[in-house]
Each structure stands twice: as C-alpha cells, then as structure tokens.
>>> print(open('query_28.cif').read())   # mmCIF, C-alpha atoms
data_run
#
loop_
_atom_site.label_atom_id
_atom_site.label_comp_id
_atom_site.auth_asym_id
_atom_site.auth_seq_id
_atom_site.Cartn_x
_atom_site.Cartn_y
_atom_site.Cartn_z
CA MET D 7 -13.23 19.63 6.26
CA THR D 8 -11.79 20.59 2.92
CA GLN D 9 -9.19 23.17 3.99
CA PRO D 10 -5.74 22.30 2.58
CA ILE D 11 -3.26 21.27 5.25
CA PRO D 12 -0.11 23.43 5.24
CA THR D 13 3.11 21.68 4.29
CA SER D 14 5.18 23.72 6.72
CA ARG D 15 4.52 24.82 10.26
CA PRO D 16 3.56 28.49 10.49
CA ALA D 17 4.72 29.89 13.83
CA GLY D 18 1.99 31.32 15.99
CA GLU D 19 -0.88 29.96 13.91
CA ALA D 20 -2.82 26.73 14.46
CA LYS D 21 -1.77 24.64 17.43
CA THR D 22 0.14 21.66 16.11
CA ASP D 23 -1.71 19.25 18.43
CA GLU D 24 -5.18 20.50 17.54
CA VAL D 25 -7.22 17.63 16.06
CA LEU D 26 -8.83 18.86 12.83
CA TYR D 27 -10.47 15.53 12.06
CA GLY D 28 -10.79 12.28 13.97
CA GLU D 29 -12.40 8.94 13.22
CA SER D 30 -12.21 5.37 14.50
CA PHE D 31 -12.33 2.36 12.19
CA ARG D 32 -13.05 -1.21 13.31
CA ILE D 33 -10.94 -4.05 11.92
CA VAL D 34 -12.12 -7.67 12.14
CA GLY D 35 -9.62 -10.49 12.51
CA ASN D 36 -9.32 -12.99 9.64
CA ASP D 37 -11.55 -10.81 7.44
CA PHE D 38 -9.27 -10.91 4.41
CA GLU D 39 -12.16 -10.08 2.09
CA HIS D 40 -12.25 -6.53 3.44
CA GLY D 41 -8.54 -6.20 4.15
CA GLY D 42 -7.40 -2.82 2.84
CA GLU D 43 -10.72 -1.00 3.09
CA VAL D 44 -9.71 1.04 6.12
CA ALA D 45 -6.47 2.20 4.48
CA THR D 46 -8.38 3.08 1.32
CA ARG D 47 -11.01 5.07 3.25
CA VAL D 48 -8.39 6.97 5.25
CA LYS D 49 -6.54 7.79 2.05
CA ALA D 50 -9.70 9.29 0.57
CA ILE D 51 -10.21 11.41 3.71
CA LEU D 52 -6.66 12.76 3.60
CA LYS D 53 -6.93 13.58 -0.09
CA GLN D 54 -10.11 15.50 0.63
CA LEU D 55 -8.34 17.37 3.43
CA GLY D 56 -5.53 18.36 1.08
CA PHE D 57 -2.72 16.46 2.78
CA PRO D 58 0.47 16.32 0.63
CA THR D 59 0.65 13.39 -1.82
CA ASP D 60 3.92 11.93 -0.53
CA ALA D 61 2.71 12.00 3.07
CA ILE D 62 -0.59 10.38 2.07
CA ARG D 63 1.32 7.57 0.35
CA ARG D 64 3.55 6.93 3.36
CA LEU D 65 0.63 6.99 5.77
CA SER D 66 -1.50 4.78 3.51
CA ILE D 67 1.26 2.17 3.28
CA ALA D 68 1.66 2.18 7.06
CA ASN D 69 -2.11 1.94 7.56
CA PHE D 70 -2.48 -0.92 5.08
CA GLU D 71 0.29 -2.94 6.73
CA ALA D 72 -1.14 -2.26 10.19
CA GLU D 73 -4.65 -3.18 9.06
CA MET D 74 -3.44 -6.45 7.53
CA ASN D 75 -1.48 -7.26 10.70
CA VAL D 76 -4.71 -7.03 12.73
CA ILE D 77 -6.56 -9.19 10.19
CA MET D 78 -3.79 -11.80 10.15
CA TYR D 79 -2.85 -11.99 13.81
CA ALA D 80 -5.65 -10.61 16.02
CA ALA D 81 -9.29 -11.30 16.85
CA GLU D 82 -10.26 -7.67 16.36
CA GLY D 83 -8.83 -4.20 16.47
CA SER D 84 -9.28 -0.56 15.63
CA LEU D 85 -7.49 2.20 13.78
CA GLU D 86 -7.85 5.62 15.38
CA LEU D 87 -7.15 8.50 13.03
CA ALA D 88 -6.32 12.01 14.23
CA VAL D 89 -5.52 14.64 11.61
CA LEU D 90 -3.50 17.52 13.09
CA PRO D 91 -2.57 20.80 11.36
CA THR D 92 0.81 19.49 10.17
CA ALA D 93 0.70 15.75 10.81
CA VAL D 94 -1.49 12.67 11.06
CA ARG D 95 -1.45 10.55 14.23
CA VAL D 96 -2.61 6.94 14.08
CA THR D 97 -3.16 4.39 16.84
CA VAL D 98 -3.85 0.78 15.89
CA SER D 99 -4.90 -1.38 18.84
CA ASP D 100 -5.79 -5.02 18.72
CA ARG D 101 -7.01 -7.81 20.95
CA GLY D 102 -4.95 -10.79 19.98
CA GLN D 103 -1.96 -13.02 20.51
CA GLY D 104 0.54 -10.21 21.03
CA ILE D 105 4.22 -10.26 20.02
CA PRO D 106 6.62 -12.21 22.27
CA ASP D 107 9.79 -10.60 20.89
CA ILE D 108 9.26 -7.15 19.40
CA GLU D 109 12.94 -6.68 18.51
CA TRP D 110 12.83 -9.91 16.48
CA ALA D 111 9.53 -8.96 14.81
CA MET D 112 10.90 -5.55 13.80
CA GLN D 113 13.59 -7.12 11.63
CA GLU D 114 12.83 -7.52 7.94
CA GLY D 115 12.06 -11.11 6.93
CA HIS D 116 11.07 -12.25 10.39
CA SER D 117 7.50 -13.54 10.29
CA THR D 118 5.19 -16.13 11.80
CA ALA D 119 2.79 -15.96 8.86
CA THR D 120 0.99 -19.04 7.63
CA PRO D 121 1.17 -20.21 3.99
CA GLU D 122 -2.40 -18.88 3.52
CA MET D 123 -1.34 -15.39 4.57
CA ARG D 124 1.62 -15.52 2.19
CA ALA D 125 -0.64 -16.72 -0.62
CA ARG D 126 -2.63 -13.53 -0.11
CA GLY D 127 0.48 -11.45 -0.66
CA PHE D 128 1.37 -10.71 2.94
CA GLY D 129 3.38 -12.25 5.76
CA ALA D 130 6.83 -11.62 4.30
CA GLY D 131 8.10 -10.11 7.52
CA LEU D 132 8.05 -6.61 6.08
CA GLY D 133 4.94 -5.24 7.80
CA LEU D 134 6.25 -3.71 11.01
CA PRO D 135 9.55 -2.52 9.45
CA ASN D 136 7.52 -1.00 6.63
CA ILE D 137 5.30 0.88 9.07
CA ARG D 138 8.35 2.25 10.88
CA ARG D 139 10.08 3.15 7.61
CA ASN D 140 7.12 5.21 6.46
CA SER D 141 6.51 6.96 9.79
CA ASP D 142 8.15 10.00 11.33
CA GLU D 143 7.35 8.78 14.85
CA PHE D 144 6.79 5.12 15.72
CA ASN D 145 6.05 3.22 18.92
CA ILE D 146 4.93 -0.33 19.58
CA GLU D 147 3.77 -2.00 22.78
CA SER D 148 2.62 -5.58 23.01
CA THR D 149 1.53 -8.02 25.69
CA VAL D 150 1.44 -11.72 24.88
CA GLY D 151 -2.09 -13.07 25.07
CA VAL D 152 -3.58 -9.57 25.31
CA GLY D 153 -2.73 -7.61 22.19
CA THR D 154 -0.63 -4.96 20.51
CA VAL D 155 -0.78 -1.17 20.27
CA LEU D 156 0.96 0.64 17.43
CA ARG D 157 1.30 4.42 17.49
CA TYR D 158 2.76 6.27 14.55
CA VAL D 159 2.80 9.78 13.18
CA VAL D 160 3.40 11.00 9.63
CA TYR D 161 4.36 14.64 9.20
CA ALA D 162 2.95 16.57 6.26
CA ASN D 163 6.49 17.60 5.33
CA GLY D 164 8.40 14.73 6.95
CA LYS D 165 10.95 12.01 6.18
CA ALA D 166 13.27 13.11 3.41
CA GLY D 167 14.24 10.48 0.91
CA SER D 168 11.21 8.29 1.44
CA MET J 20 8.08 -15.12 -4.66
CA VAL J 21 9.20 -12.96 -7.56
CA ARG J 22 10.14 -9.33 -7.40
CA GLU J 23 11.49 -7.45 -10.37
CA ALA J 24 11.56 -3.78 -11.32
CA VAL J 25 12.07 -1.98 -14.58
CA GLY J 26 12.02 1.74 -15.25
CA GLY J 27 11.63 4.21 -18.09
CA ASN J 28 8.79 6.11 -19.73
CA VAL J 29 6.19 4.29 -21.76
CA LEU J 30 2.55 4.74 -22.63
CA LEU J 31 0.18 2.23 -21.10
CA ARG J 32 -1.11 1.70 -24.62
CA SER J 33 2.38 0.60 -25.72
CA ILE J 34 2.56 -1.95 -22.91
CA VAL J 35 -0.80 -3.31 -24.05
CA ALA J 36 0.63 -3.78 -27.54
CA LEU J 37 3.98 -5.19 -26.43
CA LEU J 38 2.45 -7.81 -24.16
CA ASP J 39 -0.70 -8.45 -26.19
CA CYS J 40 -2.82 -7.45 -23.20
CA GLU J 41 -6.51 -7.67 -22.60
CA VAL J 42 -7.71 -4.35 -21.23
CA ILE J 43 -10.06 -5.39 -18.45
CA CYS J 44 -10.91 -1.86 -17.39
CA GLY J 45 -9.48 1.60 -17.91
CA HIS J 46 -9.75 1.89 -21.70
CA GLU J 47 -10.07 5.65 -21.25
CA VAL J 48 -6.63 6.05 -19.64
CA LEU J 49 -4.41 4.06 -22.01
CA ASP J 50 -2.55 7.21 -22.99
CA ILE J 51 -1.08 7.82 -19.53
CA GLU J 52 2.69 7.51 -19.21
CA VAL J 53 4.10 4.86 -16.93
CA PRO J 54 7.58 5.72 -15.62
CA PHE J 55 8.20 2.41 -13.84
CA CYS J 56 6.98 -1.14 -13.69
CA PHE J 57 7.28 -3.15 -10.50
CA ALA J 58 6.67 -6.91 -10.44
CA ALA J 59 5.85 -8.89 -7.30
CA ASP J 60 3.44 -11.39 -5.87
CA LEU J 61 4.13 -10.20 -2.33
CA MET J 62 2.18 -7.05 -1.70
CA SER J 63 4.48 -6.09 1.17
CA ASP J 64 7.30 -5.98 -1.38
CA VAL J 65 5.26 -3.53 -3.46
CA LEU J 66 4.51 -1.41 -0.40
CA ALA J 67 8.15 -1.47 0.72
CA PHE J 68 10.07 -1.10 -2.51
CA SER J 69 8.00 0.27 -5.39
CA ALA J 70 8.25 3.83 -6.61
CA PRO J 71 5.11 5.96 -6.96
CA ASP J 72 3.39 5.88 -10.36
CA SER J 73 4.57 2.34 -11.14
CA LEU J 74 2.64 -0.22 -13.14
CA LEU J 75 2.17 -3.18 -10.79
CA ILE J 76 2.89 -6.51 -12.47
CA THR J 77 1.55 -9.39 -10.42
CA GLY J 78 -0.03 -12.81 -10.35
CA LEU J 79 -2.05 -11.97 -7.25
CA THR J 80 -5.65 -11.52 -8.33
CA SER J 81 -7.32 -10.87 -4.97
CA VAL J 82 -8.76 -7.55 -3.88
CA GLN J 83 -5.54 -6.91 -1.94
CA SER J 84 -3.67 -6.36 -5.21
CA VAL J 85 -5.95 -3.42 -6.02
CA HIS J 86 -5.81 -2.04 -2.48
CA THR J 87 -2.02 -2.25 -2.73
CA ALA J 88 -1.96 -0.46 -6.07
CA HIS J 89 -4.24 2.20 -4.66
CA VAL J 90 -2.32 2.95 -1.47
CA ALA J 91 1.07 2.74 -3.25
CA ASP J 92 -0.07 5.19 -5.97
CA CYS J 93 0.40 2.67 -8.80
CA ARG J 94 -0.89 3.76 -12.20
CA GLY J 95 -2.37 0.38 -13.05
CA ILE J 96 -2.09 -3.38 -12.65
CA LEU J 97 -0.94 -5.99 -15.15
CA PHE J 98 -2.04 -9.53 -14.27
CA VAL J 99 0.31 -12.12 -15.74
CA SER J 100 0.10 -15.76 -16.85
CA GLY J 101 -3.47 -15.43 -18.08
CA LYS J 102 -4.82 -14.65 -14.62
CA GLN J 103 -7.98 -12.61 -14.18
CA PRO J 104 -8.89 -10.39 -11.23
CA SER J 105 -11.58 -11.45 -8.80
CA PRO J 106 -14.96 -9.68 -9.16
CA GLU J 107 -14.23 -7.74 -5.95
CA ALA J 108 -10.86 -6.64 -7.30
CA LEU J 109 -12.43 -5.51 -10.56
CA LYS J 110 -15.12 -3.50 -8.78
CA LEU J 111 -12.57 -1.82 -6.52
CA ALA J 112 -10.38 -0.96 -9.51
CA ARG J 113 -13.33 0.59 -11.33
CA ASP J 114 -14.34 2.54 -8.20
CA ASN J 115 -10.83 3.98 -7.93
CA SER J 116 -10.15 4.43 -11.66
CA ILE J 117 -7.24 1.99 -11.67
CA PRO J 118 -6.71 0.39 -15.11
CA LEU J 119 -6.40 -3.40 -15.15
CA LEU J 120 -4.58 -5.33 -17.88
CA ALA J 121 -4.07 -9.06 -18.36
CA THR J 122 -1.47 -10.90 -20.41
CA ALA J 123 -0.77 -14.55 -21.15
CA HIS J 124 2.95 -13.89 -20.68
CA SER J 125 4.57 -14.95 -17.41
CA MET J 126 5.86 -12.39 -14.95
CA ALA J 127 9.47 -13.03 -15.96
CA ASP J 128 8.66 -12.89 -19.68
CA SER J 129 6.63 -9.67 -19.21
CA CYS J 130 9.54 -7.99 -17.44
CA GLY J 131 11.96 -9.31 -20.04
CA ILE J 132 9.93 -7.98 -22.94
CA LEU J 133 9.63 -4.55 -21.32
CA LEU J 134 13.37 -4.49 -20.61
CA HIS J 135 14.10 -5.57 -24.16
CA HIS J 136 12.13 -2.59 -25.41
CA GLY J 137 14.37 -0.11 -23.70
CA LEU J 138 13.23 0.13 -20.12
CA SER J 139 16.08 0.20 -17.64
CA PRO J 140 16.06 -1.36 -14.15
CA ALA J 141 14.74 0.96 -11.45
CA SER J 142 13.07 0.70 -8.08
CA LYS J 143 12.78 2.62 -4.86
CA ALA J 144 14.97 0.14 -2.96
#
>>> encode(input="query_28.cif", output="structure tokens")
Amino acid sequence: MTQPIPTSRPAGEAKTDEVLYGESFRIVGNDFEHGGEVATRVKAILKQLGFPTDAIRRLSIANFEAEMNVIMYAAEGSLELAVLPTAVRVTVSDRGQGIPDIEWAMQEGHSTATPEMRARGFGAGLGLPNIRRNSDEFNIESTVGVGTVLRYVVYANGKAGS
Amino acid sequence: MVREAVGGNVLLRSIVALLDCEVICGHEVLDIEVPFCFAADLMSDVLAFSAPDSLLITGLTSVQSVHTAHVADCRGILFVSGKQPSPEALKLARDNSIPLLATAHSMADSCGILLHHGLSPASKA
C-alpha cells in the first residue's frame, strides 16, 4: 500500500468509493497515557500511502480531537479508517454518556470538561468544532446514556483556506 | 490559559541562543528554519489555530504535547518556565524526530523576547 493517492479525481479511473486501505483502532476511556496514539498511527499510514500533506494534517487534527473525546467522555470506542482513492472516511463510535444537546456542544467554548481534562490540555470546548472545521463532510449522532457516532471525510484536495 | 503567536523566519539554533535553551533532543536539526512560533497550554488551541511548521511554546509537559506537535506538523517544542518533558513525551519526540527545547523563561517572556528580536505576530486564526 505505497501507491501515491492522486490529488485530483481522474474521470473514469478508480472508483471514488473503493476502499484502498481499512483498519479499526480501539480507544479506551480515561486512558490519557495513550491519548494521541491512534491519531499518530493513522498519520503514519497516510504518509506511507502518499496522501497530501495538508489533508493529512487536517485529518490528523480531527482524529486527535475525536480520540481525546472518547478518552475523556466515554467508556470505550473505536476509530474506523477507510482510505478511498481521493478521500479518507473516518467513523468514531463510542459507548458512553452521549451528548444531550449537540447544537450546544458544537459551539466553540462550550464544554463539560473537568479541571483534570483541562490540565491535560483539552476540554476547551474546541474539539467538535475543530473536527468539523477540518473535515469536508461531517455528521454526528448521539444518544444520551448510549454513546456517540462521529462520521467525517477529508478530501485529498479539499477545503480551501484551511 | 495562555495563547500567543509570533511569526517570522528564524533558525532553531537562534531561538536556543536567544532564550538560553537546553536542547533536550534534536541537536542534529538545530539549523532548520522556524517560520512561526505558537504558544499555548491548551492543545486544542494549538490544533485549532496554529499554522503548520510552527515551534510550539508550552508549559504542558505530558505526552499529549508531543502528539499535538506531531499531528499539527510543528517543527519542535519549547517547554517554558524550567519545565521538563515526561519520559513518555521525550521518547515519543525522539521516535518522531521532534526537537525538544527547554528554557527558564516564562511563556510570556519567551514570546516577548522573540517578538523583540524581530518576529511579527502571526497565526492561522
């Protein structure tokens, strides 16, 4: 899996929904010691696959925020990675407390983080907005007492001005 | 929490001299150019507002500071106020070839000294 990923979409060539590489990563709640390892591993994979630098940075930021959200707020979760010919699709699912008011949580500065989370450099209420800002497609579903599912896509040649 | 940003072009080696830094790791890359410095203790601020290739200036010494520098494409980390990285942070930095510096100056003083030496304010925000 070392073929460079094209930065534009050649018509009539590879199907844009064909999964070139897929992997699932487990995330353990409250495991701050390892927080960031999944994002770091995914970044290494995308570099090896030749994904464009800017897109890797945006995806890595989204992945890191999503990973830390699971660690801070859920019992456990997973990050499902699917590398497509011109994009990367990520699904982060967790089993946890869920989000009562998604609209509120999507606003910058709104957070239910504890002082301990903030002392570790997170919980500023920027996580979910930051994931959306760095994604080209973004969707969130949450059920209180059950968990949250984030789905986001980063295009190889997406989001001007990011 | 503090967040400051300064911008310009400066050798990492010059920053070491200006701030009387200890080079914890990355001696071999002191001649890289750093176009920006971004100071914050909140890693979400770094992820949200820093420009690529920045030097991260922080007082956060946990492994998350190095993960943040790595995913945000920072060129190195400067720990302020005499703080030292945790062993896990140091190992991760070495594994990913991220230079780590430490200075006795505070975050505000570090930014002020860099600004005083000709770096202009800049950030992605």
>>> closest_atom_pairs(input="query_28.cif", of="chain D", to="chain J", cutoff="12 Å", atoms="all atoms listed in the file", output="Markdown table")
| residue | atom | partner | partner_atom | distance |
| --- | --- | --- | --- | --- |
| D:Asp37 | CA | J:Gln83 | CA | 11.8 |
| D:Phe38 | CA | J:Gln83 | CA | 8.4 |
| D:Glu39 | CA | J:Val82 | CA | 7.3 |
| D:His40 | CA | J:Val82 | CA | 8.2 |
| D:Gly41 | CA | J:Gln83 | CA | 6.8 |
| D:Gly42 | CA | J:His86 | CA | 5.6 |
| D:Glu43 | CA | J:His86 | CA | 7.5 |
| D:Val44 | CA | J:His86 | CA | 9.9 |
| D:Ala45 | CA | J:Val90 | CA | 7.3 |
| D:Thr46 | CA | J:Val90 | CA | 6.7 |
| D:Arg47 | CA | J:Val90 | CA | 10.1 |
| D:Val48 | CA | J:Val90 | CA | 9.9 |
| D:Lys49 | CA | J:Val90 | CA | 7.3 |
| D:Ala50 | CA | J:Val90 | CA | 9.9 |
| D:Leu52 | CA | J:Val90 | CA | 11.9 |
| D:Lys53 | CA | J:Val90 | CA | 11.7 |
| D:Thr59 | CA | J:Asp92 | CA | 9.2 |
| D:Asp60 | CA | J:Pro71 | CA | 8.9 |
| D:Ala61 | CA | J:Val90 | CA | 11.3 |
| D:Ile62 | CA | J:Val90 | CA | 8.4 |
| D:Arg63 | CA | J:Ala91 | CA | 6.0 |
| D:Arg64 | CA | J:Ala91 | CA | 8.2 |
| D:Leu65 | CA | J:Val90 | CA | 8.8 |
| D:Ser66 | CA | J:Val90 | CA | 5.4 |
| D:Ile67 | CA | J:Val90 | CA | 6.0 |
| D:Ala68 | CA | J:Leu66 | CA | 8.8 |
| D:Asn69 | CA | J:Val90 | CA | 9.1 |
| D:Phe70 | CA | J:Val90 | CA | 7.6 |
| D:Glu71 | CA | J:Ser63 | CA | 7.6 |
| D:Ala72 | CA | J:Ser63 | CA | 11.3 |
| D:Glu73 | CA | J:Gln83 | CA | 11.6 |
| D:Met74 | CA | J:Gln83 | CA | 9.7 |
| D:Asn75 | CA | J:Ser63 | CA | 11.3 |
| D:Glu114 | CA | J:Ala67 | CA | 10.5 |
| D:Gly115 | CA | J:Ser63 | CA | 10.8 |
| D:Met123 | CA | J:Leu61 | CA | 10.2 |
| D:Arg124 | CA | J:Leu61 | CA | 7.4 |
| D:Ala125 | CA | J:Leu61 | CA | 8.3 |
| D:Arg126 | CA | J:Ser81 | CA | 7.3 |
| D:Gly127 | CA | J:Leu61 | CA | 4.2 |
| D:Phe128 | CA | J:Ser63 | CA | 5.8 |
| D:Gly129 | CA | J:Ser63 | CA | 7.8 |
| D:Ala130 | CA | J:Ser63 | CA | 6.8 |
| D:Gly131 | CA | J:Ser63 | CA | 8.3 |
| D:Leu132 | CA | J:Ser63 | CA | 6.1 |
| D:Gly133 | CA | J:Ser63 | CA | 6.7 |
| D:Leu134 | CA | J:Ser63 | CA | 10.3 |
| D:Pro135 | CA | J:Ala67 | CA | 8.9 |
| D:Asn136 | CA | J:Ala67 | CA | 6.0 |
| D:Ile137 | CA | J:Ala67 | CA | 9.1 |
| D:Arg138 | CA | J:Ala67 | CA | 10.8 |
| D:Arg139 | CA | J:Ala67 | CA | 8.5 |
| D:Asn140 | CA | J:Ala67 | CA | 8.9 |
| D:Gly167 | CA | J:Lys143 | CA | 9.9 |
| D:Ser168 | CA | J:Lys143 | CA | 8.6 |
>>> atom_distance(input="query_28.cif", atom1="atom CA of Val98 of chain D", atom2="atom CA of Asp142 of chain D")
15.8 Å
>>> resolve_selection(input="query_28.cif", expression="the PyMOL selection byres ((chain D and resi 143) around 8)", output="ChimeraX atom specification")
/D:138,141-142,144-145,157-160
>>> closest_residue(input="query_28.cif", among="J:Gly95, J:His136, J:Lys110, J:Gly101", to="His124 of chain J", atoms="only C-alpha atoms")
J:Gly101
>>> closest_residue(input="query_28.cif", among="J:Pro106, J:Ala88, J:Leu133, J:Met126", to="Leu31 of chain J", atoms="only C-alpha atoms")
J:Leu133
>>> decode(input="query_28.cif", residues="segment 45-79 of chain J", atoms="N, CA and C atoms", output="PDB file, in the first residue's frame")
ATOM      1  N   GLY J  45      17.219  16.489  19.616  1.00  0.00           N
ATOM      2  CA  GLY J  45      17.144  17.133  18.313  1.00  0.00           C
ATOM      3  C   GLY J  45      18.338  18.020  17.999  1.00  0.00           C
ATOM      4  N   HIS J  46      19.485  17.734  18.621  1.00  0.00           N
ATOM      5  CA  HIS J  46      20.693  18.532  18.347  1.00  0.00           C
ATOM      6  C   HIS J  46      21.013  18.583  16.851  1.00  0.00           C
ATOM      7  N   GLU J  47      20.645  17.517  16.140  1.00  0.00           N
ATOM      8  CA  GLU J  47      21.019  17.403  14.736  1.00  0.00           C
ATOM      9  C   GLU J  47      20.155  18.264  13.811  1.00  0.00           C
ATOM     10  N   VAL J  48      19.093  18.861  14.346  1.00  0.00           N
ATOM     11  CA  VAL J  48      18.207  19.641  13.468  1.00  0.00           C
ATOM     12  C   VAL J  48      18.119  21.110  13.893  1.00  0.00           C
ATOM     13  N   LEU J  49      19.122  21.605  14.579  1.00  0.00           N
ATOM     14  CA  LEU J  49      19.071  22.988  15.062  1.00  0.00           C
ATOM     15  C   LEU J  49      19.180  24.010  13.937  1.00  0.00           C
ATOM     16  N   ASP J  50      19.541  23.571  12.756  1.00  0.00           N
ATOM     17  CA  ASP J  50      19.668  24.519  11.646  1.00  0.00           C
ATOM     18  C   ASP J  50      18.407  24.597  10.784  1.00  0.00           C
ATOM     19  N   ILE J  51      17.313  24.000  11.232  1.00  0.00           N
ATOM     20  CA  ILE J  51      16.059  24.168  10.492  1.00  0.00           C
ATOM     21  C   ILE J  51      15.504  25.567  10.759  1.00  0.00           C
ATOM     22  N   GLU J  52      14.779  26.091   9.764  1.00  0.00           N
ATOM     23  CA  GLU J  52      14.140  27.394   9.918  1.00  0.00           C
ATOM     24  C   GLU J  52      12.753  27.221  10.505  1.00  0.00           C
ATOM     25  N   VAL J  53      12.415  28.093  11.426  1.00  0.00           N
ATOM     26  CA  VAL J  53      11.084  28.083  12.025  1.00  0.00           C
ATOM     27  C   VAL J  53      10.358  29.351  11.585  1.00  0.00           C
ATOM     28  N   PRO J  54       9.300  29.218  10.796  1.00  0.00           N
ATOM     29  CA  PRO J  54       8.597  30.415  10.323  1.00  0.00           C
ATOM     30  C   PRO J  54       7.665  31.034  11.360  1.00  0.00           C
ATOM     31  N   PHE J  55       7.160  30.227  12.288  1.00  0.00           N
ATOM     32  CA  PHE J  55       6.215  30.738  13.280  1.00  0.00           C
ATOM     33  C   PHE J  55       6.490  30.103  14.639  1.00  0.00           C
ATOM     34  N   CYS J  56       6.086  30.812  15.675  1.00  0.00           N
ATOM     35  CA  CYS J  56       6.026  30.213  16.995  1.00  0.00           C
ATOM     36  C   CYS J  56       4.605  30.376  17.512  1.00  0.00           C
ATOM     37  N   PHE J  57       4.102  29.353  18.151  1.00  0.00           N
ATOM     38  CA  PHE J  57       2.733  29.406  18.667  1.00  0.00           C
ATOM     39  C   PHE J  57       2.751  28.945  20.111  1.00  0.00           C
ATOM     40  N   ALA J  58       2.249  29.788  21.020  1.00  0.00           N
ATOM     41  CA  ALA J  58       2.336  29.488  22.448  1.00  0.00           C
ATOM     42  C   ALA J  58       0.967  29.208  23.028  1.00  0.00           C
ATOM     43  N   ALA J  59       0.827  28.065  23.700  1.00  0.00           N
ATOM     44  CA  ALA J  59      -0.441  27.719  24.343  1.00  0.00           C
ATOM     45  C   ALA J  59      -0.239  26.563  25.305  1.00  0.00           C
ATOM     46  N   ASP J  60      -1.047  26.556  26.349  1.00  0.00           N
ATOM     47  CA  ASP J  60      -1.106  25.390  27.223  1.00  0.00           C
ATOM     48  C   ASP J  60      -2.277  24.488  26.861  1.00  0.00           C
ATOM     49  N   LEU J  61      -3.236  25.027  26.144  1.00  0.00           N
ATOM     50  CA  LEU J  61      -4.365  24.226  25.674  1.00  0.00           C
ATOM     51  C   LEU J  61      -4.037  23.633  24.305  1.00  0.00           C
ATOM     52  N   MET J  62      -3.986  22.321  24.259  1.00  0.00           N
ATOM     53  CA  MET J  62      -3.610  21.689  22.999  1.00  0.00           C
ATOM     54  C   MET J  62      -4.684  21.877  21.929  1.00  0.00           C
ATOM     55  N   SER J  63      -5.934  21.996  22.343  1.00  0.00           N
ATOM     56  CA  SER J  63      -6.987  22.269  21.362  1.00  0.00           C
ATOM     57  C   SER J  63      -6.761  23.615  20.684  1.00  0.00           C
ATOM     58  N   ASP J  64      -6.206  24.571  21.411  1.00  0.00           N
ATOM     59  CA  ASP J  64      -5.872  25.861  20.793  1.00  0.00           C
ATOM     60  C   ASP J  64      -4.820  25.661  19.700  1.00  0.00           C
ATOM     61  N   VAL J  65      -3.827  24.838  20.001  1.00  0.00           N
ATOM     62  CA  VAL J  65      -2.776  24.570  19.007  1.00  0.00           C
ATOM     63  C   VAL J  65      -3.391  23.911  17.775  1.00  0.00           C
ATOM     64  N   LEU J  66      -4.241  22.913  18.023  1.00  0.00           N
ATOM     65  CA  LEU J  66      -4.854  22.179  16.908  1.00  0.00           C
ATOM     66  C   LEU J  66      -5.769  23.091  16.091  1.00  0.00           C
ATOM     67  N   ALA J  67      -6.416  24.046  16.762  1.00  0.00           N
ATOM     68  CA  ALA J  67      -7.385  24.898  16.073  1.00  0.00           C
ATOM     69  C   ALA J  67      -6.735  26.089  15.372  1.00  0.00           C
ATOM     70  N   PHE J  68      -5.692  26.649  15.967  1.00  0.00           N
ATOM     71  CA  PHE J  68      -5.250  27.961  15.499  1.00  0.00           C
ATOM     72  C   PHE J  68      -3.813  28.050  15.009  1.00  0.00           C
ATOM     73  N   SER J  69      -2.995  27.040  15.225  1.00  0.00           N
ATOM     74  CA  SER J  69      -1.590  27.176  14.827  1.00  0.00           C
ATOM     75  C   SER J  69      -1.419  26.939  13.333  1.00  0.00           C
ATOM     76  N   ALA J  70      -0.402  27.565  12.785  1.00  0.00           N
ATOM     77  CA  ALA J  70      -0.041  27.329  11.391  1.00  0.00           C
ATOM     78  C   ALA J  70       0.933  26.153  11.322  1.00  0.00           C
ATOM     79  N   PRO J  71       0.945  25.426  10.201  1.00  0.00           N
ATOM     80  CA  PRO J  71       1.929  24.349  10.058  1.00  0.00           C
ATOM     81  C   PRO J  71       3.355  24.899  10.183  1.00  0.00           C
ATOM     82  N   ASP J  72       4.254  24.050  10.631  1.00  0.00           N
ATOM     83  CA  ASP J  72       5.682  24.367  10.748  1.00  0.00           C
ATOM     84  C   ASP J  72       6.016  25.298  11.910  1.00  0.00           C
ATOM     85  N   SER J  73       5.071  25.496  12.824  1.00  0.00           N
ATOM     86  CA  SER J  73       5.319  26.360  13.978  1.00  0.00           C
ATOM     87  C   SER J  73       6.226  25.671  14.998  1.00  0.00           C
ATOM     88  N   LEU J  74       6.892  26.487  15.812  1.00  0.00           N
ATOM     89  CA  LEU J  74       7.505  25.991  17.039  1.00  0.00           C
ATOM     90  C   LEU J  74       6.450  26.111  18.127  1.00  0.00           C
ATOM     91  N   LEU J  75       6.122  25.023  18.788  1.00  0.00           N
ATOM     92  CA  LEU J  75       5.132  25.042  19.856  1.00  0.00           C
ATOM     93  C   LEU J  75       5.808  25.459  21.160  1.00  0.00           C
ATOM     94  N   ILE J  76       5.306  26.529  21.755  1.00  0.00           N
ATOM     95  CA  ILE J  76       5.803  27.001  23.049  1.00  0.00           C
ATOM     96  C   ILE J  76       4.742  26.665  24.084  1.00  0.00           C
ATOM     97  N   THR J  77       5.102  25.875  25.081  1.00  0.00           N
ATOM     98  CA  THR J  77       4.070  25.407  26.012  1.00  0.00           C
ATOM     99  C   THR J  77       4.644  25.092  27.384  1.00  0.00           C
ATOM    100  N   GLY J  78       3.759  25.051  28.348  1.00  0.00           N
ATOM    101  CA  GLY J  78       4.127  24.579  29.683  1.00  0.00           C
ATOM    102  C   GLY J  78       3.579  23.194  29.947  1.00  0.00           C
ATOM    103  N   LEU J  79       2.903  22.626  28.955  1.00  0.00           N
ATOM    104  CA  LEU J  79       2.334  21.281  29.112  1.00  0.00           C
ATOM    105  C   LEU J  79       3.403  20.245  28.774  1.00  0.00           C
TER     106      LEU J  79
END
